[in-house]
$ cat target-v5.txt   # compact mmCIF, C-alpha atoms
# COMPACT_ATOMS: atom_id res chain seq x y z
CA MET A 66 89.72 73.65 125.58
CA SER A 67 87.19 73.87 122.80
CA ARG A 68 84.94 70.93 122.03
CA LEU A 69 86.57 70.64 118.62
CA VAL A 70 89.18 68.64 120.48
CA ASP A 71 86.53 66.23 121.74
CA ILE A 72 85.20 65.29 118.33
CA VAL A 73 85.81 61.61 117.68
CA VAL A 74 86.02 60.18 114.19
CA PRO A 75 85.85 56.37 113.78
CA ARG A 76 89.13 54.84 112.62
CA ASP A 77 87.59 53.14 109.59
CA VAL A 78 86.07 56.43 108.41
CA LEU A 79 89.42 58.11 108.92
CA ALA A 80 91.22 55.39 106.94
CA LEU A 81 88.75 55.70 104.07
CA ALA A 82 89.07 59.49 104.09
CA CYS A 83 92.85 59.17 103.92
CA GLU A 84 92.38 57.07 100.79
CA GLY A 85 90.28 59.87 99.31
CA ASN A 86 86.86 58.31 99.84
CA ARG A 87 84.36 61.10 99.23
CA ALA A 88 81.65 59.84 101.55
CA ALA A 89 84.11 59.46 104.42
CA ARG A 90 85.41 62.97 103.84
CA GLN A 91 81.89 64.31 103.77
CA SER A 92 81.18 62.59 107.06
CA ILE A 93 84.29 64.08 108.69
CA TYR A 94 83.48 67.49 107.23
CA SER A 95 79.99 67.40 108.72
CA ALA A 96 81.43 66.52 112.12
CA VAL A 97 84.21 69.09 112.33
CA ALA A 98 83.19 72.01 110.11
CA PRO A 99 80.76 73.86 112.44
CA ALA A 100 83.18 73.98 115.39
CA THR A 101 86.07 74.87 113.08
CA LEU A 102 84.22 77.77 111.49
CA THR A 103 83.09 79.06 114.87
CA LEU A 104 86.65 78.93 116.20
CA ILE A 105 87.93 80.84 113.17
CA ARG A 106 85.11 83.34 113.43
CA ARG A 107 85.94 83.98 117.09
CA LEU A 108 89.59 84.54 116.20
CA VAL A 109 89.21 86.85 113.19
CA GLY A 110 85.71 88.27 113.49
CA GLU A 111 84.63 89.11 109.97
CA ARG A 112 82.29 86.64 108.34
CA ALA A 113 83.66 86.73 104.78
CA LEU A 114 87.23 86.52 106.01
CA SER A 115 86.31 83.67 108.35
CA GLU A 116 84.82 81.70 105.48
CA ASP A 117 87.96 82.26 103.42
CA LEU A 118 90.18 81.05 106.23
CA PHE A 119 87.80 78.17 106.94
CA GLN A 120 88.05 77.06 103.31
CA ASP A 121 91.84 77.27 103.49
CA THR A 122 91.87 75.31 106.72
CA MET A 123 89.62 72.52 105.49
CA MET A 124 91.48 72.18 102.19
CA LEU A 125 94.78 71.94 104.06
CA PHE A 126 93.21 69.52 106.53
CA PHE A 127 92.12 67.07 103.81
CA GLU A 128 95.37 67.53 101.93
CA ARG A 129 97.41 66.63 105.00
CA LEU A 130 95.02 64.00 106.34
CA PRO A 131 97.15 61.05 105.13
CA GLN A 132 99.98 62.45 107.30
CA PHE A 133 97.82 62.34 110.45
CA ARG A 134 99.43 59.79 112.78
CA GLY A 135 96.70 59.71 115.41
CA GLU A 136 98.99 60.69 118.28
CA ALA A 137 96.54 63.46 119.25
CA PRO A 138 92.79 63.71 118.72
CA LEU A 139 91.87 64.62 115.15
CA GLY A 140 90.06 67.73 116.40
CA ALA A 141 93.18 68.98 118.18
CA TRP A 142 95.16 68.51 114.98
CA LEU A 143 92.54 70.41 113.00
CA ARG A 144 92.37 73.12 115.67
CA GLN A 145 96.12 73.63 115.33
CA ILE A 146 95.77 74.00 111.55
CA ALA A 147 92.90 76.49 111.95
CA ILE A 148 94.72 78.60 114.54
CA SER A 149 97.89 78.60 112.44
CA ARG A 150 95.96 79.83 109.41
CA CYS A 151 94.30 82.59 111.44
CA LEU A 152 97.55 83.71 113.03
CA MET A 153 99.27 83.62 109.65
CA TYR A 154 96.62 86.04 108.48
CA LEU A 155 96.86 88.25 111.58
CA ARG A 156 100.66 88.34 111.31
CA SER A 157 100.65 89.24 107.63
CA PRO A 158 102.02 92.69 106.73
CA TRP A 159 98.80 93.35 104.82
CA GLN A 160 96.66 92.79 107.90
CA ARG A 161 98.99 94.82 110.13
CA ALA A 162 98.87 97.74 107.73
CA ARG A 163 95.11 97.44 107.53
CA MET A 164 94.79 97.47 111.30
CA CYS A 165 96.89 100.62 111.46
CA LEU A 166 94.98 102.40 108.72
CA GLU A 167 91.40 101.36 109.36
CA PRO A 168 89.36 102.08 112.45
CA VAL A 169 87.78 99.07 114.12
CA ASP A 170 84.46 98.30 112.50
CA PHE A 171 81.96 98.19 115.30
CA GLY A 172 79.44 96.81 112.86
CA VAL A 173 81.35 93.57 113.30
CA ALA A 174 80.17 93.53 116.91
CA ALA A 175 76.58 93.30 115.83
CA GLU A 176 77.51 90.70 113.21
CA VAL A 177 79.35 88.58 115.75
CA ALA A 178 76.57 88.98 118.26
CA ALA A 179 74.43 87.14 115.75
CA LEU A 180 76.67 84.13 116.42
CA VAL A 181 74.95 83.65 119.75
CA THR A 182 72.04 81.33 119.45
CA PRO A 183 68.78 82.90 120.57
CA GLY A 184 67.97 81.81 124.06
CA PHE A 185 71.44 82.41 125.45
CA SER A 186 71.78 84.76 128.38
CA ALA A 187 72.22 88.48 127.98
CA ASP A 188 75.67 88.12 129.54
CA LEU A 189 76.81 85.85 126.73
CA ILE A 190 75.41 88.15 124.08
CA ASP A 191 77.20 91.06 125.75
CA LEU A 192 80.41 89.05 125.91
CA GLU A 193 80.12 88.14 122.24
CA ARG A 194 79.72 91.84 121.42
CA ALA A 195 82.60 92.76 123.69
CA LEU A 196 84.84 90.19 122.02
CA ALA A 197 83.91 91.55 118.62
CA SER A 198 84.84 95.05 119.72
CA LEU A 199 88.41 94.00 120.50
CA ALA A 200 91.19 94.49 118.01
CA PRO A 201 91.82 91.24 116.09
CA THR A 202 95.16 90.52 117.76
CA ALA A 203 93.79 91.13 121.27
CA ARG A 204 90.76 88.95 120.51
CA ALA A 205 92.98 86.11 119.27
CA VAL A 206 95.24 86.37 122.33
CA VAL A 207 92.37 86.34 124.83
CA TRP A 208 90.65 83.44 123.07
CA MET A 209 93.81 81.36 122.80
CA TYR A 210 94.72 81.97 126.45
CA GLU A 211 91.36 81.71 128.15
CA VAL A 212 89.54 79.16 126.02
CA GLU A 213 92.06 77.17 124.02
CA GLY A 214 94.50 76.87 126.93
CA TYR A 215 97.61 78.27 125.30
CA SER A 216 100.33 79.62 127.60
CA HIS A 217 101.86 83.06 127.17
CA GLN A 218 105.01 81.43 125.83
CA GLU A 219 103.04 79.49 123.24
CA ILE A 220 101.07 82.55 122.19
CA ALA A 221 104.26 84.59 121.90
CA ARG A 222 105.81 81.85 119.75
CA GLU A 223 102.74 81.62 117.51
CA PHE A 224 102.70 85.38 116.97
CA GLY A 225 106.46 85.61 116.64
CA ARG A 226 106.49 88.20 119.46
CA SER A 227 107.67 88.42 123.07
CA VAL A 228 105.94 86.99 126.14
CA SER A 229 105.32 90.52 127.39
CA PHE A 230 103.41 91.22 124.18
CA SER A 231 101.05 88.35 125.00
CA LYS A 232 100.66 89.46 128.63
CA SER A 233 100.00 93.09 127.79
CA GLN A 234 97.50 92.18 125.06
CA LEU A 235 95.69 89.91 127.50
CA ALA A 236 95.64 92.47 130.33
CA ARG A 237 94.24 95.18 128.07
CA ALA A 238 91.69 92.79 126.60
CA HIS A 239 90.56 91.78 130.09
CA ALA A 240 90.12 95.41 131.08
CA ARG A 241 88.13 96.06 127.97
CA LEU A 242 85.91 93.00 128.42
CA ARG A 243 85.30 93.77 132.09
CA ALA A 244 84.26 97.28 131.16
CA TRP A 245 81.76 95.85 128.71
CA LEU A 246 80.32 93.49 131.27
CA GLU A 247 79.87 96.14 133.96
CA PRO A 248 76.41 97.67 134.45
CA GLN A 249 75.30 99.85 131.54
CA ASP A 250 75.69 103.21 133.30
CA GLU A 251 79.31 102.40 134.15
CA ARG A 252 80.22 101.32 130.63
CA PRO A 253 82.81 103.60 129.04
CA SER A 254 82.49 104.99 125.58
CA CYS A 255 83.98 102.88 122.79
CA THR A 256 87.73 103.21 122.73
CA LEU A 257 90.19 101.01 120.95
CA ILE A 258 92.67 98.97 122.91
CA MET B 191 83.28 94.13 144.54
CA HIS B 192 85.20 91.60 142.57
CA THR B 193 88.91 91.21 142.84
CA ASP B 194 90.89 90.99 139.63
CA LEU B 195 91.36 87.24 140.03
CA GLU B 196 87.67 86.61 140.65
CA SER B 197 86.84 88.83 137.75
CA GLN B 198 89.31 87.01 135.50
CA ALA B 199 87.96 83.61 136.52
CA GLY B 200 84.42 84.80 135.86
CA LEU B 201 85.44 86.09 132.50
CA ARG B 202 87.07 82.78 131.64
CA ARG B 203 83.91 80.90 132.66
CA LEU B 204 81.81 83.15 130.48
CA LEU B 205 84.15 82.83 127.53
CA ARG B 206 84.12 79.06 127.80
CA ALA B 207 80.35 79.11 128.07
CA LEU B 208 80.04 80.74 124.66
CA PRO B 209 78.40 78.37 122.18
CA GLU B 210 80.94 76.05 120.60
CA VAL B 211 78.98 75.73 117.41
CA ALA B 212 77.43 79.07 116.77
CA GLN B 213 77.44 79.12 113.02
CA GLN B 214 76.74 76.42 110.47
CA PRO B 215 79.18 76.49 107.55
CA TYR B 216 78.22 75.80 103.97
CA GLY B 217 77.78 72.19 103.00
CA PHE B 218 80.32 69.70 101.69
CA HIS B 219 79.22 70.21 98.06
CA GLU B 220 79.85 73.92 98.35
CA PHE B 221 83.19 73.19 100.02
CA GLU B 222 84.18 70.96 97.11
CA ARG B 223 83.03 73.55 94.58
CA ARG B 224 85.08 76.27 96.27
CA ALA B 225 88.08 73.96 96.55
CA LEU B 226 87.92 73.21 92.81
CA GLU B 227 87.56 76.91 92.06
CA ARG B 228 90.62 77.72 94.16
CA GLU B 229 92.63 74.99 92.50
CA ARG B 230 91.63 76.33 89.10
CA VAL B 231 92.66 79.88 90.09
CA ALA B 232 95.94 78.58 91.52
CA ARG B 233 96.56 76.58 88.33
CA ASP B 234 95.86 79.63 86.19
CA ALA B 235 98.17 81.70 88.35
CA ARG B 236 100.89 79.05 88.00
CA GLY B 237 100.33 79.02 84.22
CA SER B 238 100.57 82.80 84.07
CA THR B 239 103.73 82.73 86.14
CA ARG B 240 105.28 80.11 83.85
CA LEU B 241 104.26 82.11 80.79
CA LEU B 242 105.79 85.25 82.26
CA ALA B 243 108.98 83.37 83.13
CA ALA B 244 109.15 81.93 79.61
CA ALA B 245 108.64 85.38 78.11
CA ILE B 246 111.42 86.81 80.29
CA VAL B 247 113.76 83.98 79.30
CA ALA B 248 112.88 84.46 75.62
CA VAL B 249 113.55 88.19 75.83
CA ALA B 250 116.84 87.51 77.58
CA VAL B 251 117.88 84.96 74.91
CA ILE B 252 116.92 87.35 72.11
CA ALA B 253 118.85 90.15 73.79
CA VAL B 254 121.94 87.95 74.15
CA LEU B 255 121.69 86.74 70.55
CA TRP B 256 121.21 90.28 69.31
CA ARG B 257 124.20 91.40 71.30
CA LEU B 258 126.32 88.53 69.99
CA THR B 259 125.20 89.20 66.42
CA ALA B 260 126.08 92.83 66.81
CA LEU B 261 129.51 91.95 68.10
CA THR B 262 130.43 89.13 65.73
CA PRO B 263 131.13 90.97 62.47
CA GLU B 264 134.18 93.05 63.12
CA PRO B 265 134.97 95.78 60.68
CA PRO B 266 138.05 95.14 58.60
CA SER B 267 141.05 96.47 60.36
CA ALA B 268 143.60 98.71 58.82
CA ARG B 269 145.51 95.54 58.11
CA GLY B 270 142.62 94.25 56.04
CA VAL B 271 140.91 91.54 58.07
CA ALA B 272 137.98 90.14 56.11
CA PRO B 273 134.51 90.89 57.40
CA THR B 274 132.46 87.87 58.34
CA ALA B 275 128.89 89.01 57.85
CA VAL B 276 128.89 91.24 54.82
CA LYS B 277 126.31 90.47 52.23
CA PRO B 278 127.53 92.49 49.26
CA GLU B 279 131.13 91.35 49.16
CA PRO B 280 133.60 90.63 51.91
CA ALA B 281 136.38 93.08 52.60
CA PRO B 282 139.79 91.93 51.40
CA ALA B 283 141.57 89.39 53.54
CA GLU B 284 145.02 89.90 54.89
CA ARG B 285 147.47 88.14 52.68
CA GLY B 286 150.71 88.63 50.79
CA THR B 287 152.78 91.79 50.78
CA ASP B 288 151.68 95.31 51.63
CA GLY B 289 151.31 96.09 47.94
CA ASP B 290 149.06 93.09 47.37
CA ARG B 291 147.00 93.97 50.39
CA ILE B 292 146.47 97.55 49.26
CA LEU B 293 145.55 96.34 45.81
CA ASP B 294 143.01 93.96 47.32
CA GLN B 295 141.57 96.72 49.47
CA GLU B 296 141.32 99.05 46.51
CA ARG B 297 139.68 96.35 44.42
CA TRP B 298 137.17 95.77 47.17
CA LEU B 299 136.47 99.47 47.39
CA ALA B 300 136.00 99.58 43.63
CA SER B 301 133.37 96.85 43.87
CA LEU B 302 131.21 99.11 46.07
CA PRO B 303 128.87 101.75 44.66
CA ARG B 304 130.83 104.75 43.51
CA GLU B 305 128.90 107.21 45.64
CA PRO B 306 128.39 106.49 49.32
CA ALA B 307 124.78 106.29 50.43
CA VAL B 308 123.22 109.73 50.82
CA VAL B 309 121.28 108.68 53.89
CA HIS B 310 124.50 108.46 55.88
CA VAL B 311 125.48 112.08 55.69
CA GLY B 312 128.31 111.75 58.17
CA THR B 313 129.68 108.68 56.39
CA ARG B 314 129.38 110.28 53.01
CA ALA B 315 131.41 113.29 54.10
CA ALA B 316 134.05 111.07 55.69
CA VAL B 317 134.31 108.83 52.63
CA MET B 318 134.64 111.71 50.25
CA GLY B 319 137.21 113.39 52.47
CA LEU B 320 139.26 110.20 52.63
CA GLN B 321 138.99 109.66 48.89
CA ASP B 322 140.17 113.24 48.28
CA ARG B 323 143.13 112.79 50.58
CA ILE B 324 144.08 109.49 48.90
CA ALA B 325 143.86 111.17 45.51
CA GLN B 326 146.08 114.01 46.73
CA LEU B 327 148.56 111.48 48.06
CA ASP B 328 148.51 109.66 44.69
CA ASP B 329 149.32 112.92 42.93
CA LEU B 330 152.06 113.67 45.41
CA LEU B 331 153.52 110.18 45.03
CA SER B 332 153.59 110.52 41.24
CA SER B 333 155.29 113.89 41.50
CA GLU B 334 157.84 112.60 44.01
CA ARG B 335 158.61 109.58 41.84
CA ASP B 336 159.09 111.84 38.83
CA ALA B 337 161.36 114.07 40.90
CA GLN B 338 163.43 111.07 42.00
CA ALA B 339 162.59 111.67 45.67
CA GLN B 340 164.38 109.82 48.46
CA PRO B 341 163.07 106.27 49.09
CA ALA B 342 162.37 107.09 52.76
CA ARG B 343 160.02 109.90 51.77
CA LEU B 344 158.31 107.71 49.19
CA GLN B 345 157.89 105.01 51.81
CA ALA B 346 156.39 107.47 54.30
CA LEU B 347 153.91 108.64 51.67
CA GLN B 348 153.05 105.02 50.82
CA GLN B 349 152.43 104.26 54.51
CA GLU B 350 150.21 107.28 54.88
CA ARG B 351 148.29 106.20 51.80
CA ALA B 352 147.92 102.68 53.20
CA ARG B 353 146.61 104.09 56.46
CA LEU B 354 144.03 106.23 54.67
CA VAL B 355 142.94 103.31 52.49
CA GLY B 356 142.53 101.17 55.64
CA THR B 357 140.41 103.85 57.25
CA LEU B 358 138.31 104.15 54.10
CA VAL B 359 137.77 100.38 54.12
CA ARG B 360 136.50 100.50 57.69
CA VAL B 361 134.15 103.37 57.01
CA ARG B 362 132.69 101.83 53.89
CA TYR B 363 132.36 98.45 55.56
CA ALA B 364 130.40 100.04 58.37
CA GLU B 365 128.25 101.67 55.74
CA THR B 366 127.46 98.34 54.06
CA LEU B 367 126.52 96.86 57.42
CA ALA B 368 124.19 99.77 58.10
CA ASP B 369 122.62 99.38 54.66
CA ASN B 370 121.87 95.72 55.36
CA VAL B 371 120.02 96.46 58.56
CA PRO B 372 116.31 96.14 57.77

$ encode --input "target-v5.txt" --output "structure tokens"
Amino acid sequence: MSRLVDIVVPRDVLALACEGNRAARQSIYSAVAPATLTLIRRLVGERALSEDLFQDTMMLFFERLPQFRGEAPLGAWLRQIAISRCLMYLRSPWQRARMCLEPVDFGVAAEVAALVTPGFSADLIDLERALASLAPTARAVVWMYEVEGYSHQEIAREFGRSVSFSKSQLARAHARLRAWLEPQDERPSCTLI
Amino acid sequence: MHTDLESQAGLRRLLRALPEVAQQPYGFHEFERRALERERVARDARGSTRLLAAAIVAVAVIAVLWRLTALTPEPPSARGVAPTAVKPEPAPAERGTDGDRILDQERWLASLPREPAVVHVGTRAAVMGLQDRIAQLDDLLSSERDAQAQPARLQALQQERARLVGTLVRVRYAETLADNVP
């Protein structure tokens, strides 16, 4: 599970934010925004698109905040909103047509690699690049399954597809990522999955 | 050599080790500015949609009214029903005996300009043709009356004349309507 789920917001701050208090909202924003944007960026890749979806997510989050009942951690609730927004985008006919028509932009890999803070191991930088080289749907599936803890059934439901779709996307993504992480001389040329 | 499971577990560990906060978003002020901008765009889009809907409704209402207006004034029938939307002078109403009705129709025709409008070439030809045939029938009726013709024949001629006069009324009424169209 991502650490977004672990973010704790004091109840009084939450109550004030629900009433529309600007300072309280700013405080919550500062706490949750970085992890939210990173999650969205990992799911969709492109920076400009991620910022658009992040803005959507945060606006929806504050709009729905008075409906938050506190049954789950606030971060988990926000994570669900963010993932829903990303999947809504990935499921859209526009995005599907774009994925069919456009080749994968490997420039995104370099852009995403910049996400990794300097000082991290070469393995992590490679992994970040490998993730960025995946097709958006495969990247979202692998992230949701391996990091966010979604089951194949849940992923299939979120995408509106079958369980076998989720399993095949994951298997192909694994193969692709493993190929990236193998020694350099064994790495295959760039092929789309 | 890693097995698939070991490899998958290693991959999962690596994925989870990726930095949770790898990119700082823009600040709260910028978030608010963008939110306001989006609301303004959404409001404008809603306004445009409403304007478009209003325009479509207005066009539909105008089309219906135009259609109703076009249908409302019926041309006077052969039996002499009065027109309802004639500016110059209404066609004669149905009343009294056949003779009275024909007299009314002829009086109404007499109140119109003697020559049909030149712009309506087809109408002009039809009007003049009808007028000629009515005149011929008038001559024939006079001759038959002088020759003491049978009443049945006179009645048939009268009916034919009434039919032609009714047709002439309809044609000229249509002409007056066309003249009043701006």

$ residues_around --input "target-v5.txt" --residues "Leu201 of chain B" --least-positions-apart "4" --cutoff "10 Å" --atoms "all atoms listed in the file" --output "PyMOL selection string"
(chain A and resi 192+211+239+242-243+246) or (chain B and resi 195-197+205-207)

$ residues_around --input "target-v5.txt" --residues "segment 337-352 of chain B" --least-positions-apart "4" --cutoff "7 Å" --atoms "only C-alpha atoms" --output "PyMOL selection string"
chain B and resi 292+324+327+331+333+356

$ closest_residue --input "target-v5.txt" --among "A:Leu130, A:Met123, A:Leu108, A:Ala141" --to "Leu196 of chain A" --atoms "all atoms listed in the file"
A:Leu108

$ residues_around --input "target-v5.txt" --residues "Asp121 of chain A" --least-positions-apart "6" --cutoff "12 Å" --atoms "only C-alpha atoms" --output "list in words"
Thr101, Leu102, Ile105, Leu114, Ser115, Phe127, Glu128, Leu143, Ile146, Ala147, Ile148, Ser149, Arg150, Cys151, Met153 and Tyr154 of chain A; Phe221, Glu222, Arg224, Ala225, Arg228 and Glu229 of chain B

$ atom_distance --input "target-v5.txt" --atom1 "atom CA of Ser301 of chain B" --atom2 "atom CA of Arg314 of chain B"
16.7 Å

$ atom_distance --input "target-v5.txt" --atom1 "atom CA of Asp191 of chain A" --atom2 "atom CA of Pro99 of chain A"
22.0 Å

$ interface_residues --input "target-v5.txt" --of "chain B" --to "chain A" --cutoff "7 Å" --atoms "all atoms listed in the file" --output "tab-separated table (two decimals) with C-alpha atoms, in the frame of the given file"
chain	number	residue	atom	x	y	z
B	202	ARG	CA	87.07	82.78	131.64
B	204	LEU	CA	81.81	83.15	130.48
B	205	LEU	CA	84.15	82.83	127.53
B	206	ARG	CA	84.12	79.06	127.80
B	208	LEU	CA	80.04	80.74	124.66
B	209	PRO	CA	78.40	78.37	122.18
B	210	GLU	CA	80.94	76.05	120.60
B	211	VAL	CA	78.98	75.73	117.41
B	212	ALA	CA	77.43	79.07	116.77
B	213	GLN	CA	77.44	79.12	113.02
B	214	GLN	CA	76.74	76.42	110.47
B	215	PRO	CA	79.18	76.49	107.55
B	218	PHE	CA	80.32	69.70	101.69
B	225	ALA	CA	88.08	73.96	96.55

$ residues_near_point --input "target-v5.txt" --point "(104.8, 84.3, 118.7)" --cutoff "12 Å" --atoms "all atoms listed in the file" --output "ChimeraX atom specification"
/A:149,152-153,155-156,202,205-206,215-232

$ atom_distance --input "target-v5.txt" --atom1 "atom CA of His219 of chain B" --atom2 "atom CA of Arg134 of chain A"
27.1 Å

$ residues_around --input "target-v5.txt" --residues "Trp142 of chain A" --least-positions-apart "4" --cutoff "9 Å" --atoms "all atoms listed in the file" --output "PDB file with C-alpha atoms, in the frame of the given file"
ATOM      1  CA  VAL A  70      89.180  68.640 120.480  1.00  0.00           C
ATOM      2  CA  PHE A 126      93.210  69.520 106.530  1.00  0.00           C
ATOM      3  CA  PHE A 133      97.820  62.340 110.450  1.00  0.00           C
ATOM      4  CA  GLY A 135      96.700  59.710 115.410  1.00  0.00           C
ATOM      5  CA  ALA A 137      96.540  63.460 119.250  1.00  0.00           C
ATOM      6  CA  PRO A 138      92.790  63.710 118.720  1.00  0.00           C
ATOM      7  CA  ILE A 146      95.770  74.000 111.550  1.00  0.00           C
ATOM      8  CA  ALA A 147      92.900  76.490 111.950  1.00  0.00           C
TER       9      ALA A 147
END

$ closest_residue --input "target-v5.txt" --among "B:Gln198, B:Ala325, B:Thr313, B:Arg335" --to "Ala368 of chain B" --atoms "only C-alpha atoms"
B:Thr313
